[in-house]
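Participant: Please read through the structure below; I'll follow up with questions.
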Amino acid sequence: MSTLRFTPDLKLAAPLAFGLSLALNFAPAWAEDAPANKAPAFKAHVLTKAETDSWLSKPDQVLLIDVRRPDELQAKGQFPVYFSIQLKDLEKNWAYIPKDRTLITVSNHAGRAGRAADFLADHGYKVAGATGVENYEAEGGQLLKLAPPPAKKPE
């Protein structure tokens, strides 16, 4: 009776093991949990509609910092009054933000707003939290929706 023996080729084993470890450590995006199941990448409190409305009723005490791009403001809507500074520009311009008011940071779903809130809190600002306009609207909140200016007719 003959015995079949397997002798691994170490030249092939290392790349296969490396590839398997990559496959196990980097699952494709579709295999990940839904974003709602993930812990946020920030420490700031995400405000509910009721909390946001409570702060909006105190305009002398609060300042909204909207960190979205201008096209997002137009497409998704905005609060009646806000300071607009994109997240990418916050670090070089944070000194222009007044420290005498409580801040609420704003983005579409509070992700960028949460990171902005953390940054501002780390720099000594009083931050109530972050809010997302789409979350706010889904809870029944009303936003301003401005139409784009009419296109100019060619002369």
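We name chains A, B, ... following the order of the structure tokens; residues begin at 1 in each chain, and ligands are numbered from 1 as shown.
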What parts of stretch 67-149 of chain A does DSSP call helix (DSSP H, G or I)? I'd like the answer as a PyMOL selection string.
Facilitator: chain A and resi 70-76+87-96+111-122+133-138
Participant: What's the 12 Å shell around A:Asp122, counting only C-alpha atoms, without same-chain residues fewer than 5 positions away, as a list of chain:residue names?
Facilitator: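 Selected residues are A:Phe42, A:Lys43, A:Ala44, A:Glu91, A:Trp94, A:Arg115, A:Ala116, A:Ala117, A:Val127.
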Participant: Just the residues within 10 Å of A:Gln74, please, counting only C-alpha atoms, with nothing from its chain fewer than 5 positions along; format it as a count of residues only.
Facilitator: 6
Participant: Could you check which of A:Gly141, A:Gly124, A:Gly77, A:Gly129 is closest to A:Ile104, using only C-alpha atoms?
Facilitator: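 Checking each of A:Gly141, A:Gly124, A:Gly77, A:Gly129 against A:Ile104, counting only C-alpha atoms, the winner is A:Gly129.
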Participant: Could you tell me which of A:Leu47, A:Leu120, A:Val133, A:Leu143 comes closest to A:Lys92 if we count only C-alpha atoms?
Facilitator: A:Leu120
Participant: Mind giving me the straight-line distance from atom CA of A:Glu72 to atom CA of A:Ser107 in Å, one decimal?
Facilitator: 8.9 Å
Participant: Return as a ChimeraX atom specification the full set of residues in stretch 61-119 of chain A whose backbone-based DSSP assignment is strand (DSSP E).
Facilitator: /A:62-66,83-84,102-107
Participant: Keeping N, CA, C and O atoms, export the residues of the selection given above as a CSV table (one decimal), in the first residue's frame.
Facilitator:
chain,number,residue,atom,x,y,z
A,62,VAL,N,-27.1,80.9,21.2
A,62,VAL,CA,-26.6,79.8,20.4
A,62,VAL,C,-26.1,80.3,19.0
A,62,VAL,O,-26.5,81.3,18.6
A,63,LEU,N,-25.1,79.6,18.5
A,63,LEU,CA,-24.6,79.9,17.1
A,63,LEU,C,-24.5,78.5,16.4
A,63,LEU,O,-23.9,77.6,16.9
A,64,LEU,N,-25.1,78.4,15.2
A,64,LEU,CA,-25.1,77.2,14.4
A,64,LEU,C,-23.9,77.3,13.5
A,64,LEU,O,-23.8,78.4,12.8
A,65,ILE,N,-23.0,76.3,13.4
A,65,ILE,CA,-21.9,76.3,12.5
A,65,ILE,C,-22.2,75.2,11.5
A,65,ILE,O,-22.2,74.0,11.9
A,66,ASP,N,-22.5,75.5,10.3
A,66,ASP,CA,-22.8,74.5,9.3
A,66,ASP,C,-21.5,74.2,8.5
A,66,ASP,O,-20.9,75.1,7.9
A,83,PHE,N,-23.6,80.1,10.7
A,83,PHE,CA,-22.2,80.5,10.2
A,83,PHE,C,-21.7,79.3,9.4
A,83,PHE,O,-21.8,78.2,9.8
A,84,SER,N,-21.4,79.6,8.1
A,84,SER,CA,-21.0,78.6,7.2
A,84,SER,C,-19.4,78.5,7.1
A,84,SER,O,-18.8,79.5,6.7
A,102,THR,N,-23.1,79.2,22.8
A,102,THR,CA,-23.0,77.8,22.7
A,102,THR,C,-23.2,77.4,21.3
A,102,THR,O,-24.0,78.0,20.5
A,103,LEU,N,-22.4,76.4,20.8
A,103,LEU,CA,-22.3,76.1,19.4
A,103,LEU,C,-23.1,74.8,19.2
A,103,LEU,O,-23.1,73.9,20.0
A,104,ILE,N,-23.7,74.8,18.0
A,104,ILE,CA,-24.3,73.5,17.4
A,104,ILE,C,-23.7,73.4,16.1
A,104,ILE,O,-23.7,74.4,15.3
A,105,THR,N,-23.1,72.3,15.8
A,105,THR,CA,-22.5,72.1,14.5
A,105,THR,C,-23.5,71.3,13.6
A,105,THR,O,-24.3,70.5,14.1
A,106,VAL,N,-23.5,71.6,12.3
A,106,VAL,CA,-24.5,71.0,11.4
A,106,VAL,C,-23.8,70.4,10.2
A,106,VAL,O,-22.9,71.0,9.6
A,107,SER,N,-24.3,69.2,9.8
A,107,SER,CA,-24.0,68.6,8.5
A,107,SER,C,-25.2,67.8,8.1
A,107,SER,O,-26.3,68.0,8.6
Participant: Rounded to one decimal place, report the atom CA of A:His45-atom CA of A:Ala130 distance in Å.
Facilitator: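 Taking atom CA of A:His45 and atom CA of A:Ala130, their separation equals 6.2 Å.
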Participant: To one decimal in Å, tell me the separation between atom CA of A:Val46 and atom CA of A:Asn135.
Facilitator: 9.9 Å
Participant: Fewer than 5 positions away in the same chain doesn't count, so skip those; otherwise give me all residues within 8 Å of stretch 49-60 of chain A, counting only C-alpha atoms, as a compact mmCIF listing (two decimals) with C-alpha atoms, in the first residue's frame.
Facilitator:
# COMPACT_ATOMS: atom_id res chain seq x y z
CA ARG A 101 -22.27 81.44 22.53
CA THR A 131 -27.17 67.82 14.33
CA ASN A 135 -32.12 63.60 10.63
CA TYR A 136 -33.82 66.81 11.81
CA GLU A 139 -38.11 63.87 12.80
CA GLY A 140 -40.51 66.50 11.43
CA GLY A 141 -38.28 69.58 11.48
